[in-house]
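Structure below is model.pdb: PDB, C-alpha atoms.
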ATOM      1  CA  MET A   1      22.468  20.198  37.853
ATOM      2  CA  LYS A   2      21.660  16.723  36.596
ATOM      3  CA  ASP A   3      18.466  16.689  38.677
ATOM      4  CA  SER A   4      17.290  20.009  37.233
ATOM      5  CA  VAL A   5      17.997  18.874  33.642
ATOM      6  CA  ALA A   6      16.127  15.636  34.257
ATOM      7  CA  ALA A   7      13.205  17.533  35.722
ATOM      8  CA  LEU A   8      13.161  19.872  32.704
ATOM      9  CA  LEU A   9      13.203  16.954  30.255
ATOM     10  CA  LEU A  10      10.438  15.242  32.184
ATOM     11  CA  SER A  11       8.256  18.352  32.171
ATOM     12  CA  LEU A  12       8.806  18.765  28.412
ATOM     13  CA  LEU A  13       7.815  15.142  27.870
ATOM     14  CA  PHE A  14       4.538  15.562  29.750
ATOM     15  CA  ALA A  15       3.837  18.815  27.921
ATOM     16  CA  CYS A  16       4.071  16.992  24.605
ATOM     17  CA  LEU A  17       1.655  14.229  25.641
ATOM     18  CA  PRO A  18      -1.922  14.815  24.442
ATOM     19  CA  LEU A  19      -4.391  15.681  27.164
ATOM     20  CA  GLN A  20      -6.905  12.952  27.876
ATOM     21  CA  ALA A  21     -10.166  13.919  26.224
ATOM     22  CA  ALA A  22     -13.140  14.408  28.486
ATOM     23  CA  GLU A  23     -15.722  11.658  28.295
ATOM     24  CA  PRO A  24     -18.432  12.759  25.824
ATOM     25  CA  PRO A  25     -21.811  13.441  27.437
ATOM     26  CA  ILE A  26     -24.747  11.052  27.249
ATOM     27  CA  ALA A  27     -28.320  11.855  28.231
ATOM     28  CA  ILE A  28     -31.887  10.666  27.971
ATOM     29  CA  ALA A  29     -35.313  12.042  28.826
ATOM     30  CA  ILE A  30     -38.674  10.296  28.625
ATOM     31  CA  HIS A  31     -42.335  11.168  29.076
ATOM     32  CA  GLY A  32     -45.497   9.167  29.621
ATOM     33  CA  GLY A  33     -48.076  11.808  28.788
ATOM     34  CA  ALA A  34     -49.276  15.127  30.144
ATOM     35  CA  GLY A  35     -52.649  16.242  31.440
ATOM     36  CA  THR A  36     -54.743  16.640  34.571
ATOM     37  CA  ILE A  37     -52.448  14.618  36.801
ATOM     38  CA  GLU A  38     -52.815  15.471  40.484
ATOM     39  CA  LYS A  39     -51.532  13.774  43.615
ATOM     40  CA  SER A  40     -54.981  13.910  45.215
ATOM     41  CA  SER A  41     -56.433  11.709  42.470
ATOM     42  CA  MET A  42     -53.783   8.983  42.736
ATOM     43  CA  THR A  43     -53.330   6.351  45.426
ATOM     44  CA  PRO A  44     -49.840   5.778  46.849
ATOM     45  CA  GLU A  45     -49.787   2.393  45.107
ATOM     46  CA  GLN A  46     -50.636   3.959  41.744
ATOM     47  CA  GLU A  47     -48.000   6.623  42.188
ATOM     48  CA  ARG A  48     -45.364   4.012  43.008
ATOM     49  CA  ALA A  49     -46.362   2.007  39.947
ATOM     50  CA  TYR A  50     -46.027   4.993  37.621
ATOM     51  CA  ARG A  51     -42.729   6.104  39.107
ATOM     52  CA  GLY A  52     -41.395   2.567  38.989
ATOM     53  CA  LYS A  53     -42.246   2.053  35.321
ATOM     54  CA  LEU A  54     -40.840   5.454  34.357
ATOM     55  CA  ARG A  55     -37.611   4.604  36.160
ATOM     56  CA  GLU A  56     -37.466   1.214  34.441
ATOM     57  CA  ALA A  57     -37.862   2.804  31.011
ATOM     58  CA  LEU A  58     -35.285   5.464  31.853
ATOM     59  CA  ASP A  59     -32.775   2.868  33.063
ATOM     60  CA  ASN A  60     -33.309   0.669  30.017
ATOM     61  CA  GLY A  61     -32.582   3.566  27.691
ATOM     62  CA  TYR A  62     -29.658   4.892  29.703
ATOM     63  CA  SER A  63     -28.079   1.436  29.884
ATOM     64  CA  VAL A  64     -27.901   1.395  26.090
ATOM     65  CA  LEU A  65     -26.074   4.726  26.100
ATOM     66  CA  GLU A  66     -23.655   3.681  28.852
ATOM     67  CA  LYS A  67     -22.616   0.669  26.797
ATOM     68  CA  GLY A  68     -21.867   2.858  23.790
ATOM     69  CA  GLY A  69     -25.128   2.168  21.991
ATOM     70  CA  SER A  70     -26.796   4.611  19.638
ATOM     71  CA  SER A  71     -29.360   7.245  20.592
ATOM     72  CA  LEU A  72     -31.839   5.464  18.308
ATOM     73  CA  ASP A  73     -31.383   2.204  20.222
ATOM     74  CA  ALA A  74     -31.843   4.036  23.531
ATOM     75  CA  VAL A  75     -35.035   5.749  22.350
ATOM     76  CA  VAL A  76     -36.521   2.461  21.171
ATOM     77  CA  ALA A  77     -35.524   0.659  24.389
ATOM     78  CA  ALA A  78     -37.181   3.294  26.578
ATOM     79  CA  ILE A  79     -40.354   3.617  24.513
ATOM     80  CA  THR A  80     -40.793  -0.141  24.124
ATOM     81  CA  THR A  81     -40.755  -0.461  27.912
ATOM     82  CA  LEU A  82     -43.599   2.054  28.152
ATOM     83  CA  GLU A  83     -45.498   0.467  25.244
ATOM     84  CA  GLN A  84     -45.500  -2.844  27.127
ATOM     85  CA  SER A  85     -47.092  -1.289  30.221
ATOM     86  CA  PRO A  86     -50.875  -0.879  30.616
ATOM     87  CA  LEU A  87     -50.222   2.293  32.626
ATOM     88  CA  PHE A  88     -49.578   4.510  29.604
ATOM     89  CA  ASN A  89     -51.552   5.378  26.477
ATOM     90  CA  ALA A  90     -49.437   3.460  23.968
ATOM     91  CA  ALA A  91     -49.705  -0.111  22.659
ATOM     92  CA  LYS A  92     -50.756  -2.319  25.628
ATOM     93  CA  GLY A  93     -52.227   0.639  27.502
ATOM     94  CA  ALA A  94     -53.835   2.285  24.478
ATOM     95  CA  VAL A  95     -57.191   4.041  24.704
ATOM     96  CA  TYR A  96     -60.214   2.865  22.737
ATOM     97  CA  THR A  97     -61.637   4.408  19.602
ATOM     98  CA  TYR A  98     -65.329   5.315  19.500
ATOM     99  CA  ASP A  99     -66.026   1.953  17.850
ATOM    100  CA  GLY A 100     -64.301  -0.009  20.590
ATOM    101  CA  HIS A 101     -60.912  -0.978  19.194
ATOM    102  CA  HIS A 102     -57.394   0.479  19.215
ATOM    103  CA  GLU A 103     -55.512   2.450  16.553
ATOM    104  CA  LEU A 104     -51.826   3.080  17.257
ATOM    105  CA  ASP A 105     -49.400   5.730  15.981
ATOM    106  CA  ALA A 106     -45.645   6.189  16.367
ATOM    107  CA  SER A 107     -42.639   7.953  14.849
ATOM    108  CA  ILE A 108     -38.872   8.128  15.216
ATOM    109  CA  MET A 109     -36.194  10.477  13.867
ATOM    110  CA  ASP A 110     -32.402  10.286  13.624
ATOM    111  CA  GLY A 111     -30.765  13.641  14.345
ATOM    112  CA  ARG A 112     -27.579  12.651  12.544
ATOM    113  CA  THR A 113     -29.184  12.194   9.118
ATOM    114  CA  ARG A 114     -32.724  13.548   9.676
ATOM    115  CA  ALA A 115     -34.014  10.195   8.481
ATOM    116  CA  ALA A 116     -37.442   9.449   9.908
ATOM    117  CA  GLY A 117     -40.081   6.748  10.015
ATOM    118  CA  ALA A 118     -43.698   6.720  11.162
ATOM    119  CA  VAL A 119     -46.793   4.535  11.296
ATOM    120  CA  ALA A 120     -50.384   5.643  11.782
ATOM    121  CA  GLY A 121     -53.616   3.811  12.533
ATOM    122  CA  VAL A 122     -52.077   0.369  12.950
ATOM    123  CA  GLN A 123     -54.191  -2.131  14.866
ATOM    124  CA  ARG A 124     -52.218  -5.387  14.968
ATOM    125  CA  VAL A 125     -48.601  -4.426  15.687
ATOM    126  CA  GLU A 126     -47.342  -5.018  19.223
ATOM    127  CA  SER A 127     -44.590  -2.351  19.112
ATOM    128  CA  PRO A 128     -45.472   0.642  16.928
ATOM    129  CA  ILE A 129     -42.138   2.351  17.681
ATOM    130  CA  GLY A 130     -40.276  -0.724  16.467
ATOM    131  CA  LEU A 131     -42.264  -0.697  13.241
ATOM    132  CA  ALA A 132     -41.657   3.045  12.778
ATOM    133  CA  ARG A 133     -37.920   2.382  12.946
ATOM    134  CA  LEU A 134     -38.227  -0.331  10.302
ATOM    135  CA  VAL A 135     -40.079   2.120   8.059
ATOM    136  CA  MET A 136     -37.166   4.531   8.478
ATOM    137  CA  GLU A 137     -34.405   1.985   7.906
ATOM    138  CA  GLN A 138     -35.942  -0.612   5.598
ATOM    139  CA  SER A 139     -38.265   1.333   3.314
ATOM    140  CA  PRO A 140     -38.012   4.326   0.957
ATOM    141  CA  PHE A 141     -40.923   5.999   2.777
ATOM    142  CA  VAL A 142     -41.419   8.088   5.897
ATOM    143  CA  MET A 143     -44.996   7.279   6.944
ATOM    144  CA  LEU A 144     -47.141   4.192   6.406
ATOM    145  CA  SER A 145     -50.698   3.773   7.632
ATOM    146  CA  GLY A 146     -53.283   1.159   8.473
ATOM    147  CA  GLU A 147     -53.339  -2.097   6.535
ATOM    148  CA  GLY A 148     -50.414  -1.005   4.391
ATOM    149  CA  ALA A 149     -48.234  -0.509   7.448
ATOM    150  CA  GLU A 150     -49.262  -3.926   8.727
ATOM    151  CA  ALA A 151     -48.474  -5.543   5.373
ATOM    152  CA  PHE A 152     -45.042  -3.928   5.536
ATOM    153  CA  ALA A 153     -44.613  -5.302   9.060
ATOM    154  CA  GLN A 154     -45.303  -8.799   7.796
ATOM    155  CA  SER A 155     -42.793  -8.311   4.982
ATOM    156  CA  GLN A 156     -40.213  -7.568   7.663
ATOM    157  CA  GLY A 157     -41.020 -10.690   9.650
ATOM    158  CA  ILE A 158     -43.073  -8.900  12.309
ATOM    159  CA  PRO A 159     -46.026 -11.079  13.383
ATOM    160  CA  LEU A 160     -49.417  -9.436  13.629
ATOM    161  CA  VAL A 161     -51.363  -9.707  16.887
ATOM    162  CA  ASP A 162     -55.036  -9.634  17.801
ATOM    163  CA  ASN A 163     -56.234  -6.098  18.528
ATOM    164  CA  LYS A 164     -57.702  -7.395  21.791
ATOM    165  CA  LEU A 165     -54.131  -7.640  23.093
ATOM    166  CA  PHE A 166     -54.437  -3.927  23.855
ATOM    167  CA  ASP A 167     -57.721  -4.228  25.815
ATOM    168  CA  THR A 168     -57.719  -3.030  29.434
ATOM    169  CA  LYS A 169     -60.605  -2.568  31.847
ATOM    170  CA  ARG A 170     -59.477   0.933  32.835
ATOM    171  CA  ARG A 171     -59.385   2.211  29.252
ATOM    172  CA  PHE A 172     -62.759   0.616  28.461
ATOM    173  CA  GLU A 173     -64.310   2.444  31.402
ATOM    174  CA  GLN A 174     -62.752   5.665  30.123
ATOM    175  CA  LEU A 175     -64.416   5.056  26.755
ATOM    176  CA  GLN A 176     -67.840   4.668  28.388
ATOM    177  CA  LYS A 177     -67.335   7.914  30.311
ATOM    178  CA  ALA A 178     -66.222   9.684  27.140
ATOM    179  CA  LYS A 179     -69.298   8.477  25.271
ATOM    180  CA  GLU A 180     -71.572   9.670  28.079
ATOM    181  CA  GLN A 181     -69.854  13.041  27.997
ATOM    182  CA  LEU A 182     -70.133  13.203  24.225
ATOM    183  CA  LYS A 183     -73.851  12.457  24.439
ATOM    184  CA  LYS A 184     -74.322  15.397  26.793
ATOM    185  CA  GLU A 185     -72.194  17.718  24.700
ATOM    186  CA  ARG A 186     -73.833  16.734  21.405
ATOM    187  CA  GLN A 187     -77.141  18.377  22.250
ATOM    188  CA  GLY A 188     -77.304  20.850  19.394
ATOM    189  CA  LYS A 189     -73.707  20.113  18.324
ATOM    190  CA  ASP A 190     -72.043  17.869  15.779
ATOM    191  CA  TYR A 191     -69.469  15.212  16.763
ATOM    192  CA  GLN A 192     -66.484  17.493  16.127
ATOM    193  CA  ALA A 193     -67.820  20.242  18.376
ATOM    194  CA  ALA A 194     -68.643  17.722  21.079
ATOM    195  CA  VAL A 195     -65.105  16.311  20.982
ATOM    196  CA  GLN A 196     -63.682  19.803  21.385
ATOM    197  CA  ALA A 197     -65.750  20.189  24.538
ATOM    198  CA  LEU A 198     -64.435  16.979  26.128
ATOM    199  CA  PRO A 199     -62.254  17.482  29.218
ATOM    200  CA  THR A 200     -58.491  17.383  28.634
ATOM    201  CA  PRO A 201     -57.902  13.843  30.016
ATOM    202  CA  PHE A 202     -59.851  12.347  27.104
ATOM    203  CA  LYS A 203     -57.733  14.157  24.518
ATOM    204  CA  VAL A 204     -54.132  13.557  25.613
ATOM    205  CA  GLY A 205     -51.748  10.706  26.377
ATOM    206  CA  THR A 206     -48.527   9.648  24.708
ATOM    207  CA  VAL A 207     -45.112   8.189  25.502
ATOM    208  CA  GLY A 208     -41.802   9.359  24.102
ATOM    209  CA  ALA A 209     -38.054   9.611  24.494
ATOM    210  CA  VAL A 210     -35.104  11.734  23.377
ATOM    211  CA  ALA A 211     -31.484  10.626  23.726
ATOM    212  CA  LEU A 212     -27.869  11.706  23.172
ATOM    213  CA  ASP A 213     -25.197   9.046  22.613
ATOM    214  CA  LYS A 214     -21.407   9.046  23.038
ATOM    215  CA  HIS A 215     -20.966   9.807  19.346
ATOM    216  CA  GLY A 216     -22.761  13.128  19.742
ATOM    217  CA  ASN A 217     -25.903  12.024  17.901
ATOM    218  CA  ILE A 218     -29.417  12.750  19.124
ATOM    219  CA  ALA A 219     -32.697  11.012  18.342
ATOM    220  CA  ALA A 220     -36.377  11.301  19.242
ATOM    221  CA  GLY A 221     -39.357   8.974  19.222
ATOM    222  CA  THR A 222     -43.035   9.060  20.177
ATOM    223  CA  SER A 223     -45.788   6.421  20.468
ATOM    224  CA  THR A 224     -49.484   6.707  21.317
ATOM    225  CA  GLY A 225     -52.925   5.168  21.316
ATOM    226  CA  GLY A 226     -54.337   8.575  20.424
ATOM    227  CA  MET A 227     -57.518  10.200  21.729
ATOM    228  CA  THR A 228     -60.258   8.394  23.640
ATOM    229  CA  ALA A 229     -63.370   7.904  21.467
ATOM    230  CA  LYS A 230     -61.648   9.101  18.308
ATOM    231  CA  ARG A 231     -63.430   8.373  14.997
ATOM    232  CA  TYR A 232     -62.966   8.403  11.243
ATOM    233  CA  GLY A 233     -59.338   7.262  11.368
ATOM    234  CA  ARG A 234     -58.255  10.344  13.305
ATOM    235  CA  ILE A 235     -54.468  10.786  13.499
ATOM    236  CA  GLY A 236     -52.791  13.117  15.962
ATOM    237  CA  ASP A 237     -49.348  14.664  16.128
ATOM    238  CA  SER A 238     -47.369  11.656  17.373
ATOM    239  CA  PRO A 239     -46.570  10.184  13.925
ATOM    240  CA  VAL A 240     -46.182  13.590  12.283
ATOM    241  CA  ILE A 241     -42.539  14.600  11.872
ATOM    242  CA  GLY A 242     -42.173  18.224  12.948
ATOM    243  CA  ALA A 243     -45.313  18.199  15.063
ATOM    244  CA  GLY A 244     -44.915  15.451  17.647
ATOM    245  CA  THR A 245     -41.369  14.302  16.901
ATOM    246  CA  PHE A 246     -38.247  16.005  15.564
ATOM    247  CA  ALA A 247     -34.484  15.536  15.818
ATOM    248  CA  ASP A 248     -31.564  17.343  14.203
ATOM    249  CA  ASN A 249     -27.975  17.329  15.432
ATOM    250  CA  ASP A 250     -27.739  21.017  14.524
ATOM    251  CA  SER A 251     -30.471  21.956  16.991
ATOM    252  CA  CYS A 252     -32.254  19.516  19.283
ATOM    253  CA  ALA A 253     -34.471  16.465  19.696
ATOM    254  CA  VAL A 254     -38.128  16.767  20.755
ATOM    255  CA  SER A 255     -40.945  14.393  21.671
ATOM    256  CA  ALA A 256     -44.330  15.916  22.391
ATOM    257  CA  THR A 257     -47.492  14.931  24.249
ATOM    258  CA  GLY A 258     -50.812  16.702  24.379
ATOM    259  CA  HIS A 259     -53.816  17.709  22.300
ATOM    260  CA  GLY A 260     -52.411  16.688  18.928
ATOM    261  CA  GLU A 261     -54.446  18.975  16.705
ATOM    262  CA  TYR A 262     -52.698  21.996  18.226
ATOM    263  CA  PHE A 263     -49.255  20.420  17.986
ATOM    264  CA  ILE A 264     -49.860  19.763  14.282
ATOM    265  CA  ARG A 265     -51.224  23.225  13.541
ATOM    266  CA  PHE A 266     -48.339  24.972  15.274
ATOM    267  CA  ASN A 267     -45.621  22.540  14.133
ATOM    268  CA  VAL A 268     -44.465  22.394  17.738
ATOM    269  CA  ALA A 269     -41.456  20.052  17.677
ATOM    270  CA  ALA A 270     -39.852  21.650  14.623
ATOM    271  CA  ASP A 271     -40.605  25.159  15.873
ATOM    272  CA  ILE A 272     -38.721  24.502  19.112
ATOM    273  CA  CYS A 273     -35.689  23.210  17.226
ATOM    274  CA  ALA A 274     -35.802  26.134  14.788
ATOM    275  CA  ARG A 275     -35.632  28.579  17.688
ATOM    276  CA  VAL A 276     -32.619  26.727  19.059
ATOM    277  CA  ARG A 277     -30.847  26.641  15.705
ATOM    278  CA  TYR A 278     -31.609  30.043  14.238
ATOM    279  CA  ARG A 279     -32.101  32.199  17.326
ATOM    280  CA  GLY A 280     -29.468  30.521  19.444
ATOM    281  CA  GLU A 281     -31.951  29.941  22.255
ATOM    282  CA  SER A 282     -31.456  27.295  24.939
ATOM    283  CA  VAL A 283     -33.715  24.245  24.812
ATOM    284  CA  ALA A 284     -35.421  25.464  27.995
ATOM    285  CA  GLN A 285     -36.118  28.914  26.553
ATOM    286  CA  ALA A 286     -37.359  27.596  23.208
ATOM    287  CA  ALA A 287     -39.623  25.008  24.835
ATOM    288  CA  ASP A 288     -41.108  27.579  27.207
ATOM    289  CA  GLU A 289     -41.798  30.060  24.397
ATOM    290  CA  VAL A 290     -43.648  27.492  22.302
ATOM    291  CA  ILE A 291     -45.553  25.603  25.012
ATOM    292  CA  ASN A 292     -46.455  28.573  27.174
ATOM    293  CA  GLY A 293     -46.132  31.472  24.742
ATOM    294  CA  VAL A 294     -47.657  29.959  21.599
ATOM    295  CA  LEU A 295     -49.919  27.068  22.647
ATOM    296  CA  THR A 296     -51.380  28.271  25.937
ATOM    297  CA  PRO A 297     -53.043  31.436  24.526
ATOM    298  CA  VAL A 298     -54.867  29.408  21.857
ATOM    299  CA  GLY A 299     -55.955  26.619  24.202
ATOM    300  CA  GLY A 300     -53.355  24.015  23.276
ATOM    301  CA  THR A 301     -52.489  21.733  26.193
ATOM    302  CA  GLY A 302     -49.559  19.357  26.639
ATOM    303  CA  GLY A 303     -45.823  19.270  26.976
ATOM    304  CA  VAL A 304     -42.472  18.362  25.457
ATOM    305  CA  ILE A 305     -39.159  16.790  26.366
ATOM    306  CA  VAL A 306     -36.215  18.457  24.625
ATOM    307  CA  LEU A 307     -32.511  17.587  24.460
ATOM    308  CA  ASP A 308     -29.490  19.107  22.684
ATOM    309  CA  ARG A 309     -26.029  17.747  21.823
ATOM    310  CA  ALA A 310     -24.495  19.241  24.954
ATOM    311  CA  GLY A 311     -26.837  17.147  27.090
ATOM    312  CA  ASN A 312     -29.067  20.033  28.135
ATOM    313  CA  ILE A 313     -32.607  18.853  28.906
ATOM    314  CA  ALA A 314     -35.964  20.671  29.125
ATOM    315  CA  LEU A 315     -39.145  19.053  30.461
ATOM    316  CA  THR A 316     -41.807  21.662  29.773
ATOM    317  CA  PHE A 317     -45.611  21.452  30.035
ATOM    318  CA  ASN A 318     -48.644  23.687  30.569
ATOM    319  CA  THR A 319     -50.867  21.080  32.227
ATOM    320  CA  ARG A 320     -51.190  20.059  35.884
ATOM    321  CA  GLY A 321     -48.706  17.263  35.469
ATOM    322  CA  MET A 322     -46.564  15.242  33.075
ATOM    323  CA  TYR A 323     -45.105  11.797  33.615
ATOM    324  CA  ARG A 324     -41.414  12.423  32.997
ATOM    325  CA  ALA A 325     -37.896  11.325  33.836
ATOM    326  CA  SER A 326     -34.342  12.218  32.846
ATOM    327  CA  ARG A 327     -30.742  11.248  33.429
ATOM    328  CA  SER A 328     -27.384  12.317  32.029
ATOM    329  CA  SER A 329     -23.693  11.748  32.623
ATOM    330  CA  SER A 330     -23.684  15.012  34.588
ATOM    331  CA  ALA A 331     -27.011  14.662  36.426
ATOM    332  CA  PRO A 332     -28.546  11.756  38.369
ATOM    333  CA  ALA A 333     -31.814  10.088  37.465
ATOM    334  CA  GLN A 334     -34.904  12.102  38.276
ATOM    335  CA  VAL A 335     -38.492  10.867  38.012
ATOM    336  CA  SER A 336     -41.392  13.324  38.338
ATOM    337  CA  ILE A 337     -45.137  13.349  37.824
ATOM    338  CA  PHE A 338     -46.730  16.428  39.321
ATOM    339  CA  LYS A 339     -46.257  20.105  38.648
ATOM    340  CA  GLY A 340     -43.622  21.716  40.849
ATOM    341  CA  GLU A 341     -41.518  18.586  41.317
TER     342      GLU A 341
END
Encoded form (structure tokens):
Amino acid sequence: MKDSVAALLLSLLFACLPLQAAEPPIAIAIHGGAGTIEKSSMTPEQERAYRGKLREALDNGYSVLEKGGSSLDAVVAAITTLEQSPLFNAAKGAVYTYDGHHELDASIMDGRTRAAGAVAGVQRVESPIGLARLVMEQSPFVMLSGEGAEAFAQSQGIPLVDNKLFDTKRRFEQLQKAKEQLKKERQGKDYQAAVQALPTPFKVGTVGAVALDKHGNIAAGTSTGGMTAKRYGRIGDSPVIGAGTFADNDSCAVSATGHGEYFIRFNVAADICARVRYRGESVAQAADEVINGVLTPVGGTGGVIVLDRAGNIALTFNTRGMYRASRSSSAPAQVSIFKGE
């Protein structure tokens, strides 16, 4: 009798104890650009280098999340790693403008508050994504450009660097090829028409990240050197909130890569999140509808990485490849480059 009473009391005690809450999910996804990326055009050494740098960026961002850091910190950590690599079209790997220098763009957005910051056409800032975050957190503005953005950087204690810091032999050779192609295409055409006729590789290339932290907040960021042989201060979608970057806790976080003019015209990042929020679509469904259903028919090429607060990830593109990687508390790290991986 005593044993049964004791057992009953013990069971009642355990019933009254609160259940241990499940560990909140964390997740991150990154991209290093989309385009004509095929295994046949890449040496084994090049492929290892790309995969290794993608994994490094992924691990740097995920480490922030594991330690309880914010999604914003994780996004910046991952993108900064890619900005510092000459492999990708951002900062130290940026393409050249038509005139032979580099103009850099970046943006970041906090899904918790929908605060955002962006810089466009900066030439002397080593980490555009870092400056975009300062614009968001330390200024009353959303986007700063050119010399004004650089003056703001100095006001925040960020040293300016020589634009030649971003020079690479590979990108310079790409510029020469682009100019030769433009010369051929310009017979009977103006510059704008000739640019439209350039092959896809000359018109795409970006890095970005989306992340979910333990507090349930998501963030997105994007950084780029823009389009090879661009002129007249051209700005693509990467610094444009709603086009190349968007984050909202009520829907999803998106970073885009591709032919920026199309991503601006079709408001790609915000459109994906609107479909998630108002139609109740999954991130995979929304991304597929916009990238393949909206952009492909009009000739828009590129891709997106998308993440929601449940940790669901979509890595969607309509090109032959996209440098990409992802990891979450429920899925191991995965690094991919080619279509079908």
*Can you list, as a VMD selection string, the residues that the PyMOL selection byres ((chain A and resi 118) around 6) selects here?*
chain A and resid 106 to 107 117 119 132 142 to 143 239
_Expand the PyMOL selection byres ((chain A and resi 266-280) around 8) into the explicit residue set it covers here, and present it as a PyMOL selection string._
chain A and resi 242-248+250-256+262-265+281-283+286-287+290+295
*Counting only C-alpha atoms, which of A:Gly236, A:Gly216, A:Gly146, A:Gly221 gets nearest to Gly311 in chain A?*
A:Gly216
*In Å, how far is it from CA of Gly302 in chain A to CA of Lys230 in chain A?*
17.9 Å
*Go through the shown structure with the PyMOL selection byres ((chain A and resi 90) around 7) and write out the matching residues as JSON, numbers by chain.*
{"A": [83, 88, 89, 91, 92, 93, 94, 206, 207, 223, 224, 225]}
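Counting only C-alpha atoms and comparing A:Arg171, A:Arg133, A:Lys179, A:Lys164, the residue that lies closest to Tyr96 in chain A is A:Arg171.
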*Could you jot down the CA of Ser139 in chain A to CA of Thr113 in chain A separation for me, Å, one decimal place?*
15.3 Å
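Taking CA of Ser329 in chain A and CA of Ser85 in chain A as endpoints, the distance between them is 26.9 Å.
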Around range 235-246 of chain A, with edges along x, y and z and 8 Å added on all six sides, what centre and edge lengths do you get, in Å to one decimal, as JSON?
{"center_x": -46.4, "center_y": 14.2, "center_z": 14.8, "size_x": 32.2, "size_y": 24.0, "size_z": 21.8}
Because the input lacks atoms here, generate N, CA, C and O atoms for range 241-254 of chain A and report them as a PDB file, in the coordinates of the input.
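Dumped to result_1.pdb:
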ATOM      1  N   ILE A 241     -43.866  14.033  11.689  1.00  0.00           N
ATOM      2  CA  ILE A 241     -42.539  14.600  11.872  1.00  0.00           C
ATOM      3  C   ILE A 241     -42.631  16.125  11.822  1.00  0.00           C
ATOM      4  O   ILE A 241     -43.185  16.704  10.882  1.00  0.00           O
ATOM      5  N   GLY A 242     -42.098  16.769  12.846  1.00  0.00           N
ATOM      6  CA  GLY A 242     -42.173  18.224  12.948  1.00  0.00           C
ATOM      7  C   GLY A 242     -43.236  18.687  13.921  1.00  0.00           C
ATOM      8  O   GLY A 242     -43.137  19.768  14.490  1.00  0.00           O
ATOM      9  N   ALA A 243     -44.260  17.848  14.119  1.00  0.00           N
ATOM     10  CA  ALA A 243     -45.313  18.199  15.063  1.00  0.00           C
ATOM     11  C   ALA A 243     -45.088  17.525  16.407  1.00  0.00           C
ATOM     12  O   ALA A 243     -44.890  18.180  17.425  1.00  0.00           O
ATOM     13  N   GLY A 244     -45.091  16.177  16.406  1.00  0.00           N
ATOM     14  CA  GLY A 244     -44.915  15.451  17.647  1.00  0.00           C
ATOM     15  C   GLY A 244     -43.519  14.916  17.879  1.00  0.00           C
ATOM     16  O   GLY A 244     -43.150  14.590  19.012  1.00  0.00           O
ATOM     17  N   THR A 245     -42.728  14.840  16.820  1.00  0.00           N
ATOM     18  CA  THR A 245     -41.369  14.302  16.901  1.00  0.00           C
ATOM     19  C   THR A 245     -40.455  15.076  15.964  1.00  0.00           C
ATOM     20  O   THR A 245     -40.838  15.375  14.836  1.00  0.00           O
ATOM     21  N   PHE A 246     -39.240  15.375  16.437  1.00  0.00           N
ATOM     22  CA  PHE A 246     -38.247  16.005  15.564  1.00  0.00           C
ATOM     23  C   PHE A 246     -36.872  15.825  16.184  1.00  0.00           C
ATOM     24  O   PHE A 246     -36.728  15.833  17.403  1.00  0.00           O
ATOM     25  N   ALA A 247     -35.865  15.638  15.332  1.00  0.00           N
ATOM     26  CA  ALA A 247     -34.484  15.536  15.818  1.00  0.00           C
ATOM     27  C   ALA A 247     -33.531  15.995  14.738  1.00  0.00           C
ATOM     28  O   ALA A 247     -33.661  15.600  13.573  1.00  0.00           O
ATOM     29  N   ASP A 248     -32.580  16.820  15.116  1.00  0.00           N
ATOM     30  CA  ASP A 248     -31.564  17.343  14.203  1.00  0.00           C
ATOM     31  C   ASP A 248     -30.332  17.675  15.029  1.00  0.00           C
ATOM     32  O   ASP A 248     -30.429  18.444  15.982  1.00  0.00           O
ATOM     33  N   ASN A 249     -29.198  17.079  14.666  1.00  0.00           N
ATOM     34  CA  ASN A 249     -27.975  17.329  15.432  1.00  0.00           C
ATOM     35  C   ASN A 249     -27.614  18.809  15.505  1.00  0.00           C
ATOM     36  O   ASN A 249     -26.913  19.241  16.417  1.00  0.00           O
ATOM     37  N   ASP A 250     -28.053  19.589  14.541  1.00  0.00           N
ATOM     38  CA  ASP A 250     -27.739  21.017  14.524  1.00  0.00           C
ATOM     39  C   ASP A 250     -28.618  21.838  15.460  1.00  0.00           C
ATOM     40  O   ASP A 250     -28.404  23.042  15.605  1.00  0.00           O
ATOM     41  N   SER A 251     -29.595  21.200  16.082  1.00  0.00           N
ATOM     42  CA  SER A 251     -30.471  21.956  16.991  1.00  0.00           C
ATOM     43  C   SER A 251     -30.813  21.125  18.223  1.00  0.00           C
ATOM     44  O   SER A 251     -30.173  21.243  19.251  1.00  0.00           O
ATOM     45  N   CYS A 252     -31.826  20.263  18.112  1.00  0.00           N
ATOM     46  CA  CYS A 252     -32.254  19.516  19.283  1.00  0.00           C
ATOM     47  C   CYS A 252     -33.129  18.335  18.894  1.00  0.00           C
ATOM     48  O   CYS A 252     -33.419  18.137  17.705  1.00  0.00           O
ATOM     49  N   ALA A 253     -33.530  17.563  19.882  1.00  0.00           N
ATOM     50  CA  ALA A 253     -34.471  16.465  19.696  1.00  0.00           C
ATOM     51  C   ALA A 253     -35.682  16.734  20.575  1.00  0.00           C
ATOM     52  O   ALA A 253     -35.543  17.168  21.719  1.00  0.00           O
ATOM     53  N   VAL A 254     -36.889  16.468  20.042  1.00  0.00           N
ATOM     54  CA  VAL A 254     -38.128  16.767  20.755  1.00  0.00           C
ATOM     55  C   VAL A 254     -39.110  15.613  20.604  1.00  0.00           C
ATOM     56  O   VAL A 254     -39.289  15.072  19.519  1.00  0.00           O
TER      57      VAL A 254
END
